[in-house]
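In what follows, a single structure is set out as structure tokens and then discussed.
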Amino acid sequence: MTIKILAISGALRAASTNTALLRAAQQLAPEGVEIEIYEGARDLPYFDQDLEGEPPASVVDLRERIAAADGVLIATPEYNYSIPGVLKNLLDWASRPYGESVLTDKPVAIMGASMSGFGTVRAQNHLRDVFHWLDSKVVTKPEVHVGQNHTRFDEQGNLTDETSRGLIAGLIAALVLKVDRVGVAA
Ligand SMILES: Cc1cc2nc3c(=O)[nH]c(=O)nc-3n(C[C@H](O)[C@H](O)[C@H](O)COP(=O)(O)O)c2cc1C
């Protein structure tokens, strides 16, 4: 049986190193694990609680993709010491209406790349707080903090840093273990 992972980047820019981490994860995924990169974040409006019960099509699509996935893999930048607004907005839509969140019990793995040496430590910690409230099943180890991201990729955006590649492979393995424990989506 194939394990389906939905990969979400916290950055919209074309040359995003975080989206590039997700492409690396696609290459590093073992047989039987399929990683699809979500491309709809740009189409999501700002969260509006008046619309949470009857949301626009882009939100319905997001929720369906998360619900159908066995697990979620996030690669996020750190913006001003925290979670990028684009990603927080996406999670707010996915978490509502209250009691109907598609993230409840969902296996989730987090990684991130940034220019500083801290490699999104602060943003990832804030993200873990969000998933704590959402009752998602978050992988804790290995921690994947790709610092000084400008040194880790070639000009085509391929992740060349072997340590980071090894950590991402380990993160995918840990996510698959979490999926095995929680159960595969129907
Ligand atoms: C609005 C903004 C805020 C940023 N704040 C931080 C920060 O708090 N910590 C950090 O390490 N880098 C910060 N950076 C730099 C990012 O690490 C860098 O732009 C990174 O490459 C963004 O990820 P991306 O390559 O996926 O777009 C910030 C960049 C932007 C645009």
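Letters for chains follow the order of the structure tokens (A, B, ...), residue numbers begin at 1 for each chain, and ligand numbers begin at 1 in the order shown.
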Exercise. Determine, counting only C-alpha atoms, which protein, DNA and RNA residues have an atom within 12 Å of an atom of Leu103 of chain A; residues of the same chain fewer than 2 positions away are not included. Present the result as a PyMOL selection string.
Key: chain A and resi 6+62-72+90-101+105-108+130-138
Let's have the selection written as a short mmCIF file (atom, residue, chain, number, x, y, z; two decimals), in the first residue's frame, with N, CA and C atoms.
data_model
loop_
_atom_site.label_atom_id
_atom_site.label_comp_id
_atom_site.auth_asym_id
_atom_site.auth_seq_id
_atom_site.Cartn_x
_atom_site.Cartn_y
_atom_site.Cartn_z
N LEU A 6 1.28 14.74 1.91
CA LEU A 6 1.09 16.06 1.31
C LEU A 6 2.18 16.99 1.85
N LEU A 62 -7.93 22.39 -0.35
CA LEU A 62 -6.88 22.20 0.67
C LEU A 62 -7.31 21.17 1.71
N ARG A 63 -8.53 21.36 2.23
CA ARG A 63 -8.99 20.45 3.28
C ARG A 63 -9.10 19.01 2.75
N GLU A 64 -9.57 18.87 1.52
CA GLU A 64 -9.69 17.51 0.96
C GLU A 64 -8.32 16.87 0.78
N ARG A 65 -7.36 17.65 0.33
CA ARG A 65 -6.01 17.09 0.13
C ARG A 65 -5.39 16.65 1.45
N ILE A 66 -5.57 17.45 2.50
CA ILE A 66 -5.02 17.08 3.80
C ILE A 66 -5.74 15.84 4.33
N ALA A 67 -7.08 15.84 4.20
CA ALA A 67 -7.86 14.70 4.72
C ALA A 67 -7.45 13.40 4.01
N ALA A 68 -7.17 13.50 2.72
CA ALA A 68 -6.84 12.29 1.94
C ALA A 68 -5.40 11.83 2.15
N ALA A 69 -4.57 12.69 2.71
CA ALA A 69 -3.16 12.33 2.90
C ALA A 69 -2.98 11.54 4.20
N ASP A 70 -2.03 10.62 4.17
CA ASP A 70 -1.71 9.87 5.40
C ASP A 70 -0.88 10.71 6.35
N GLY A 71 -0.15 11.66 5.80
CA GLY A 71 0.67 12.52 6.63
C GLY A 71 0.97 13.82 5.90
N VAL A 72 1.43 14.80 6.67
CA VAL A 72 1.76 16.12 6.12
C VAL A 72 3.23 16.41 6.44
N LEU A 90 -2.96 29.20 6.09
CA LEU A 90 -3.34 27.87 5.58
C LEU A 90 -3.79 26.96 6.72
N LEU A 91 -3.02 26.98 7.81
CA LEU A 91 -3.36 26.10 8.94
C LEU A 91 -4.66 26.55 9.61
N ASP A 92 -4.91 27.86 9.65
CA ASP A 92 -6.16 28.33 10.24
C ASP A 92 -7.36 27.83 9.43
N TRP A 93 -7.28 27.91 8.11
CA TRP A 93 -8.36 27.38 7.27
C TRP A 93 -8.53 25.88 7.49
N ALA A 94 -7.42 25.15 7.54
CA ALA A 94 -7.49 23.68 7.66
C ALA A 94 -8.04 23.25 9.01
N SER A 95 -7.93 24.11 10.01
CA SER A 95 -8.28 23.72 11.38
C SER A 95 -9.75 23.95 11.72
N ARG A 96 -10.49 24.55 10.81
CA ARG A 96 -11.86 24.97 11.13
C ARG A 96 -12.88 24.27 10.25
N PRO A 97 -14.22 24.26 10.53
CA PRO A 97 -14.81 24.77 11.76
C PRO A 97 -14.34 23.96 12.99
N TYR A 98 -14.48 24.54 14.15
CA TYR A 98 -14.05 23.89 15.38
C TYR A 98 -14.69 22.50 15.48
N GLY A 99 -13.88 21.51 15.76
CA GLY A 99 -14.39 20.13 15.86
C GLY A 99 -14.32 19.38 14.53
N GLU A 100 -14.03 20.09 13.45
CA GLU A 100 -13.98 19.44 12.13
C GLU A 100 -12.60 19.59 11.48
N SER A 101 -11.60 19.88 12.28
CA SER A 101 -10.26 20.10 11.73
C SER A 101 -9.73 18.85 11.03
N ASP A 105 -5.23 14.49 14.80
CA ASP A 105 -4.60 13.17 14.73
C ASP A 105 -3.77 12.95 13.46
N LYS A 106 -3.59 13.99 12.67
CA LYS A 106 -2.84 13.84 11.41
C LYS A 106 -1.34 13.78 11.72
N PRO A 107 -0.63 12.76 11.24
CA PRO A 107 0.83 12.75 11.39
C PRO A 107 1.46 13.93 10.62
N VAL A 108 2.34 14.65 11.28
CA VAL A 108 2.95 15.85 10.70
C VAL A 108 4.45 15.84 10.98
N VAL A 130 1.37 25.31 17.65
CA VAL A 130 0.10 25.30 16.90
C VAL A 130 -0.41 23.86 16.77
N PHE A 131 0.47 22.95 16.39
CA PHE A 131 0.04 21.56 16.21
C PHE A 131 -0.29 20.88 17.54
N HIS A 132 0.30 21.37 18.60
CA HIS A 132 -0.03 20.84 19.93
C HIS A 132 -1.52 21.08 20.21
N TRP A 133 -1.96 22.31 19.97
CA TRP A 133 -3.37 22.64 20.19
C TRP A 133 -4.27 21.87 19.23
N LEU A 134 -3.78 21.63 18.03
CA LEU A 134 -4.60 20.97 17.01
C LEU A 134 -4.65 19.45 17.18
N ASP A 135 -3.95 18.91 18.16
CA ASP A 135 -3.91 17.45 18.40
C ASP A 135 -3.37 16.69 17.19
N SER A 136 -2.47 17.30 16.45
CA SER A 136 -1.80 16.58 15.37
C SER A 136 -0.70 15.71 15.99
N LYS A 137 -0.31 14.67 15.25
CA LYS A 137 0.73 13.77 15.75
C LYS A 137 2.07 14.19 15.13
N VAL A 138 2.78 15.03 15.85
CA VAL A 138 3.98 15.64 15.28
C VAL A 138 5.23 14.82 15.57
#
Practice problem: Compute the set of protein, DNA and RNA residues whose minimum atom distance to ligand 1 is at most 10 Å, using only C-alpha atoms and all ligand atoms, and state it as an MDAnalysis selection string. | Solution: chainID A and resid 9:21 75:85 112:123 146:150
Exercise. Would you please extract all alpha helix (DSSP H) residues from segment 4-154 of chain A, as assigned by DSSP on the backbone, and give them as a PyMOL selection string?
Key: chain A and resi 17-28+57-68+85-94+121-133
Quiz item: Suppose you want the space between atom CA of Ser164 of chain A and atom CA of His145 of chain A; what is it in Å?
Solution: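 Pair atom CA of Ser164 of chain A / atom CA of His145 of chain A returns 8.1 Å.
Residue nearest Phe153 of chain A within the list A:Asp180, A:Thr140, A:Ala24, A:Ile8: A:Ala24 [criterion: smallest interatomic distance, only C-alpha atoms].
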Exercise. Write out as a PyMOL selection string the residues lying within 8 Å of Ile172 of chain A, counting only C-alpha atoms and excluding same-chain residues fewer than 3 positions away.
Key: chain A and resi 25+29+109+168-169+175-176
Write the residues you've just listed into a file as a short mmCIF file (atom, residue, chain, number, x, y, z; two decimals), in the first residue's frame, and include all heavy atoms for each of them.
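Saved the output as part.cif:
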data_model
loop_
_atom_site.label_atom_id
_atom_site.label_comp_id
_atom_site.auth_asym_id
_atom_site.auth_seq_id
_atom_site.Cartn_x
_atom_site.Cartn_y
_atom_site.Cartn_z
N ALA A 25 12.97 15.96 -0.63
CA ALA A 25 12.25 14.90 0.09
C ALA A 25 11.59 13.94 -0.90
O ALA A 25 11.57 12.72 -0.68
CB ALA A 25 11.21 15.51 1.03
N ALA A 29 12.41 9.94 -0.80
CA ALA A 29 11.34 9.07 -0.26
C ALA A 29 11.58 7.62 -0.68
O ALA A 29 11.90 7.35 -1.85
CB ALA A 29 9.99 9.55 -0.77
N ALA A 109 5.23 16.16 9.97
CA ALA A 109 6.68 16.35 10.15
C ALA A 109 7.05 17.75 9.69
O ALA A 109 6.47 18.27 8.73
CB ALA A 109 7.46 15.31 9.37
N ILE A 168 16.77 14.62 6.29
CA ILE A 168 15.44 14.58 5.65
C ILE A 168 15.00 13.13 5.44
O ILE A 168 13.84 12.79 5.68
CB ILE A 168 15.46 15.38 4.32
CG1 ILE A 168 15.64 16.86 4.61
CG2 ILE A 168 14.17 15.14 3.53
CD1 ILE A 168 15.87 17.72 3.39
N ALA A 169 15.92 12.29 5.02
CA ALA A 169 15.58 10.86 4.87
C ALA A 169 15.11 10.30 6.21
O ALA A 169 14.13 9.54 6.28
CB ALA A 169 16.78 10.08 4.33
N LEU A 175 8.25 9.93 9.95
CA LEU A 175 6.85 10.25 9.60
C LEU A 175 6.10 8.97 9.19
O LEU A 175 4.95 8.77 9.59
CB LEU A 175 6.83 11.29 8.47
CG LEU A 175 5.46 11.74 7.97
CD1 LEU A 175 4.62 12.35 9.09
CD2 LEU A 175 5.61 12.77 6.83
N VAL A 176 6.78 8.12 8.45
CA VAL A 176 6.15 6.86 8.04
C VAL A 176 5.84 6.00 9.28
O VAL A 176 4.76 5.40 9.38
CB VAL A 176 7.07 6.10 7.05
CG1 VAL A 176 6.58 4.67 6.85
CG2 VAL A 176 7.13 6.84 5.72
#
Self-check item: Point-to-point distance in Å for atom CA of Met111 of chain A and atom CA of Val144 of chain A
Solution: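 Going from atom CA of Val144 of chain A over to atom CA of Met111 of chain A covers 4.9 Å.
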Self-check item: Selection: 10 Å around Pro55 of chain A, only C-alpha atoms, excl. self and same-chain fewer than 6 positions, as a list in words
Solution: Pro45, Phe47, Asp48, Gln49, Asp61 and Trp93 of chain A
Same residues, C-alpha atoms, saved as a PDB file, in the first residue's frame:
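Output below, filename result_5.pdb:
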ATOM      1  CA  PRO A  45      -7.826  34.043   0.693  1.00  0.00           C
ATOM      2  CA  PHE A  47      -8.961  33.444   6.765  1.00  0.00           C
ATOM      3  CA  ASP A  48     -12.477  34.766   7.381  1.00  0.00           C
ATOM      4  CA  GLN A  49     -14.528  33.101  10.097  1.00  0.00           C
ATOM      5  CA  ASP A  61      -9.469  21.641  -2.079  1.00  0.00           C
ATOM      6  CA  TRP A  93      -8.356  27.381   7.267  1.00  0.00           C
TER       7      TRP A  93
END
Quiz item: Mind pulling up the distance from atom CA of Pro56 of chain A to atom CA of Gly183 of chain A?
Solution: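 These two atoms are separated by 29.4 Å.
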Self-check item: Residues within 8 Å of Ser58 of chain A, only C-alpha atoms, excluding chain neighbours under 5 positions, as a list in words
Solution: Gly40, Asp43 and Leu44 of chain A
For all heavy atoms, I'd like the residues from the last selection saved as a PDB file, in the first residue's frame.
ATOM      1  N   GLY A  40      -1.360  25.140  -3.900  1.00  0.00           N
ATOM      2  CA  GLY A  40      -2.512  26.048  -3.878  1.00  0.00           C
ATOM      3  C   GLY A  40      -2.440  27.200  -2.888  1.00  0.00           C
ATOM      4  O   GLY A  40      -3.395  27.983  -2.802  1.00  0.00           O
ATOM      5  N   ASP A  43      -3.571  30.678  -3.773  1.00  0.00           N
ATOM      6  CA  ASP A  43      -4.995  30.896  -4.089  1.00  0.00           C
ATOM      7  C   ASP A  43      -5.876  30.991  -2.842  1.00  0.00           C
ATOM      8  O   ASP A  43      -7.087  31.227  -2.956  1.00  0.00           O
ATOM      9  CB  ASP A  43      -5.518  29.749  -4.967  1.00  0.00           C
ATOM     10  CG  ASP A  43      -4.723  29.632  -6.246  1.00  0.00           C
ATOM     11  OD1 ASP A  43      -4.333  30.678  -6.785  1.00  0.00           O
ATOM     12  OD2 ASP A  43      -4.467  28.493  -6.687  1.00  0.00           O
ATOM     13  N   LEU A  44      -5.303  30.782  -1.675  1.00  0.00           N
ATOM     14  CA  LEU A  44      -6.119  30.836  -0.451  1.00  0.00           C
ATOM     15  C   LEU A  44      -6.345  32.297  -0.053  1.00  0.00           C
ATOM     16  O   LEU A  44      -5.386  33.059   0.055  1.00  0.00           O
ATOM     17  CB  LEU A  44      -5.410  30.113   0.704  1.00  0.00           C
ATOM     18  CG  LEU A  44      -5.135  28.622   0.519  1.00  0.00           C
ATOM     19  CD1 LEU A  44      -4.272  28.105   1.670  1.00  0.00           C
ATOM     20  CD2 LEU A  44      -6.436  27.833   0.429  1.00  0.00           C
TER      21      LEU A  44
END
Quiz prompt | Among listed residues A:Val59, A:Ala173, A:Leu127, A:Gly53, nearest Val33 of chain A (using only C-alpha atoms) | solution =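 Under the stated criterion, the closest residue is A:Ala173.
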